[in-house]
Amino acid sequence: MKPSILVTRAIFPDVIDRLAQYFDVDSNQEDAVLDAAALRERLAGKAGVLANAADRIDGALVCALPQLRAVCNMAVGYNNLDVPALTAAGVVATNTPDVLTETTADFGWALLMATARRVTESEHYLRAGKWERWSYDMLVGMDVFGATLGILGMGRIGQAIARRASGFGMPVIYHNRSRLPAETEQQLNARYVTKDELLAQADHLILVLPYSPESHHAIDAAELAKMKPTATLINLARGGIVNDAALANALRARQIFAAGLDVFEGEPSVHPDLLTVPNVVLTPHIASASEKTRRAMATLAADNLIAALDAGPNAGHPPSVINPDVMPRRR
Ligand code: DGY
């Protein structure tokens with residue numbers, strides 16, 4: 001008998017077909033919202049799950065699912081998973097790094113450019129029929145070329161963003177839990193600074209650090225107060241890293257120039273105050289959303305699940321395990 005798995009959200013049908021070669025697949029192709037109770041019910045008796053970053057898989061759920069052996073996220077971020085609980089229970093956890101790095105970095109730049117140069121605000125202005133004549137101060141923004149780019153979180157995506165900065169003649173400063181090797185800093189032309197220096201010196205600050213209890217509200221009112229009034233803030237990482245209410249206040253008070261947000265606290269809900277300030281560009285968590293990259297993410301998540309459940313050509317060797325310590329003693 002094939003092991004049973006759950007695919008929690010709609011994904012490419014051919015990926016489901018591939019999984020079906022190895023597993024009895026319960027797939028949510030209708031994309032119904034699975035709340036915690038529905039998720040628990042659908043996971044009962046399943047050996048594996050291909051999950052989404054919005055599926056909360058915590059210790060209580062893991063304990064209630066003794067047959068669960070693998071949790072495979074279709075996302076690089078995995079703050080939705082209680083990794084210590086999965087590890088303690090002998091459940092393999094995987095994510096989808098690398099395949100989305102460049103696409104996400106591209107989007108960081110799209111958001112930066114749109115924010116600094118007021119692209120969406122300009123479009124709304126035009127569509128509303130407000131464009132009557134040229135004027136010297138109409139929708140003026142902040143320069144990108146030659147400005148100082150600040151990056152908080154210098155992992156794969158942060159580095160890919162930094163690489164693109166050379167074309168814009170931008171000095172790069174960054175802050176990270178651990179400093180990069182000197183050679184990498186040199187290649188990226190990036191200078192390590194303290195978090196306070198980063199806040200004070202960046203003209204455009206991009207957040208690409210992972211979410212954890214330590215990074216919760218890493219950007220709050222006090223941090224926003226340290227930024228330049230001409231600065232922009234881009235959150236590409238996770239909701240909860242920025243205090244969205246404090247940001248809305250800072251934007252309304254023009255304490256900073258503008259913000260670009262792809263992720264939100266409590267998404268898909270968006271703080272109502274962010275919806276009423278004009279100087280913010282809002283996108284619905286789409287940084288990795290190119291056709292090619294979403295396919296690569298689904299394929300990697302499926303590869304992980306197949307291998308983690310000891311099937312397919314890489315049986316027992318999933319390509320991107322978050323908790324490798326679990327492998328010798330997994331369920
Ligand atoms: C990721 O891969 O972590 C993206 O944010 C999609 O959830």
# chains A, B, ... in the order shown; residues from 1 in each chain; ligands from 1

call {"tool": "closest_atom_pairs", "arguments": {"of": "range 154-261 of chain A", "to": "range 136-141 of chain A", "cutoff": "12 Å", "atoms": "only C-alpha atoms", "output": "JSON lines"}}
result
{"residue": "A:Thr230", "atom": "CA", "partner": "A:Gly141", "partner_atom": "CA", "distance": 9.2}
{"residue": "A:Ala231", "atom": "CA", "partner": "A:Gly141", "partner_atom": "CA", "distance": 10.5}
{"residue": "A:Thr232", "atom": "CA", "partner": "A:Gly141", "partner_atom": "CA", "distance": 10.3}
{"residue": "A:Phe257", "atom": "CA", "partner": "A:Gly141", "partner_atom": "CA", "distance": 8.7}
{"residue": "A:Ala258", "atom": "CA", "partner": "A:Gly141", "partner_atom": "CA", "distance": 9.3}

call {"tool": "select_by_dssp", "arguments": {"residues": "range 99-260 of chain A", "states": "alpha helix (DSSP H)", "output": "VMD selection string"}}
result
chain A and resid 101 to 116 119 to 127 156 to 165 182 to 188 195 to 201 221 to 225 244 to 252

call {"tool": "residues_near_ligand", "arguments": {"ligand": "ligand 1", "cutoff": "6 Å", "atoms": "only C-alpha atoms and all ligand atoms", "output": "PyMOL selection string"}}
result
chain A and resi 53+75-77

call {"tool": "closest_atom_pairs", "arguments": {"of": "range 165-267 of chain A", "to": "range 95-107 of chain A", "cutoff": "10 Å", "atoms": "only C-alpha atoms", "output": "tab-separated table"}}
result
residue	atom	partner	partner_atom	distance
A:Val208	CA	A:Ala105	CA	9.5
A:Leu236	CA	A:Thr104	CA	8.2
A:Ala237	CA	A:Thr104	CA	9.8
A:Asp262	CA	A:Phe107	CA	9.3

call {"tool": "write_last_selection", "arguments": {"atoms": "C-alpha atoms", "output": "CSV table (one decimal), in the first residue's frame"}}
result
chain,number,residue,atom,x,y,z
A,208,VAL,CA,15.5,40.1,4.2
A,236,LEU,CA,10.5,41.4,1.7
A,237,ALA,CA,11.1,39.0,4.6
A,262,ASP,CA,5.3,42.4,0.3

call {"tool": "select_by_dssp", "arguments": {"residues": "range 88-197 of chain A", "states": "strand (DSSP E or B)", "output": "number ranges by chain"}}
result
A: 92-94, 149-152, 172-175, 190-192

call {"tool": "residues_around", "arguments": {"residues": "range 269-282 of chain A", "least_positions_apart": "3", "cutoff": "6 Å", "atoms": "only C-alpha atoms", "output": "mmCIF file with all heavy atoms, in the first residue's frame"}}
result
data_model
loop_
_atom_site.group_PDB
_atom_site.id
_atom_site.type_symbol
_atom_site.label_atom_id
_atom_site.label_comp_id
_atom_site.auth_asym_id
_atom_site.auth_seq_id
_atom_site.Cartn_x
_atom_site.Cartn_y
_atom_site.Cartn_z
ATOM 1 N N THR A 115 8.778 52.102 -4.869
ATOM 2 C CA THR A 115 8.597 52.888 -3.646
ATOM 3 C C THR A 115 9.325 54.230 -3.747
ATOM 4 O O THR A 115 8.747 55.289 -3.478
ATOM 5 C CB THR A 115 9.125 52.081 -2.431
ATOM 6 O OG1 THR A 115 8.421 50.842 -2.392
ATOM 7 C CG2 THR A 115 8.916 52.824 -1.135
ATOM 8 N N ALA A 248 2.898 52.538 9.869
ATOM 9 C CA ALA A 248 1.838 53.398 9.313
ATOM 10 C C ALA A 248 1.912 54.792 9.946
ATOM 11 O O ALA A 248 1.794 55.805 9.242
ATOM 12 C CB ALA A 248 0.468 52.764 9.540
ATOM 13 N N ALA A 258 8.915 56.711 2.468
ATOM 14 C CA ALA A 258 7.947 55.759 1.912
ATOM 15 C C ALA A 258 8.352 54.336 2.287
ATOM 16 O O ALA A 258 9.475 54.090 2.742
ATOM 17 C CB ALA A 258 7.895 55.891 0.386
ATOM 18 N N ALA A 259 7.420 53.400 2.074
ATOM 19 C CA ALA A 259 7.729 51.987 2.329
ATOM 20 C C ALA A 259 7.150 51.131 1.214
ATOM 21 O O ALA A 259 6.192 51.531 0.531
ATOM 22 C CB ALA A 259 7.151 51.551 3.679
ATOM 23 N N GLY A 260 7.752 49.965 1.031
ATOM 24 C CA GLY A 260 7.253 48.970 0.089
ATOM 25 C C GLY A 260 7.146 47.656 0.843
ATOM 26 O O GLY A 260 8.125 47.195 1.429
ATOM 27 N N LEU A 261 5.963 47.080 0.870
ATOM 28 C CA LEU A 261 5.737 45.897 1.708
ATOM 29 C C LEU A 261 5.162 44.759 0.884
ATOM 30 O O LEU A 261 4.136 44.914 0.217
ATOM 31 C CB LEU A 261 4.757 46.230 2.835
ATOM 32 C CG LEU A 261 5.095 47.453 3.707
ATOM 33 C CD1 LEU A 261 3.951 47.723 4.680
ATOM 34 C CD2 LEU A 261 6.410 47.222 4.449
ATOM 35 N N GLY A 266 -0.008 39.163 10.277
ATOM 36 C CA GLY A 266 -1.361 38.602 10.206
ATOM 37 C C GLY A 266 -1.906 38.508 8.793
ATOM 38 O O GLY A 266 -3.129 38.470 8.600
#

call {"tool": "closest_residue", "arguments": {"among": "A:Ala88, A:Leu199, A:Ile322, A:Leu251", "to": "Lys228 in chain A", "atoms": "only C-alpha atoms"}}
result
A:Leu199

call {"tool": "atom_distance", "arguments": {"atom1": "CA of Asn235 in chain A", "atom2": "CA of Leu207 in chain A"}}
result
5.0 Å

call {"tool": "closest_residue", "arguments": {"among": "A:Ala162, A:Met1, A:Leu247, A:Leu50", "to": "Tyr22 in chain A", "atoms": "only C-alpha atoms"}}
result
A:Met1

call {"tool": "residues_around", "arguments": {"residues": "Asp55 in chain A", "least_positions_apart": "6", "cutoff": "10 Å", "atoms": "only C-alpha atoms", "output": "VMD selection string"}}
result
chain A and resid 8 to 9 34 to 36 39 73 78 to 81

call {"tool": "residues_around", "arguments": {"residues": "Thr94 in chain A", "least_positions_apart": "3", "cutoff": "9 Å", "atoms": "only C-alpha atoms", "output": "ChimeraX atom specification"}}
result
/A:70-74,76,78,301,304-305,308,318-323

call {"tool": "atom_distance", "arguments": {"atom1": "CA of Val83 in chain A", "atom2": "CA of Ala20 in chain A"}}
result
26.8 Å
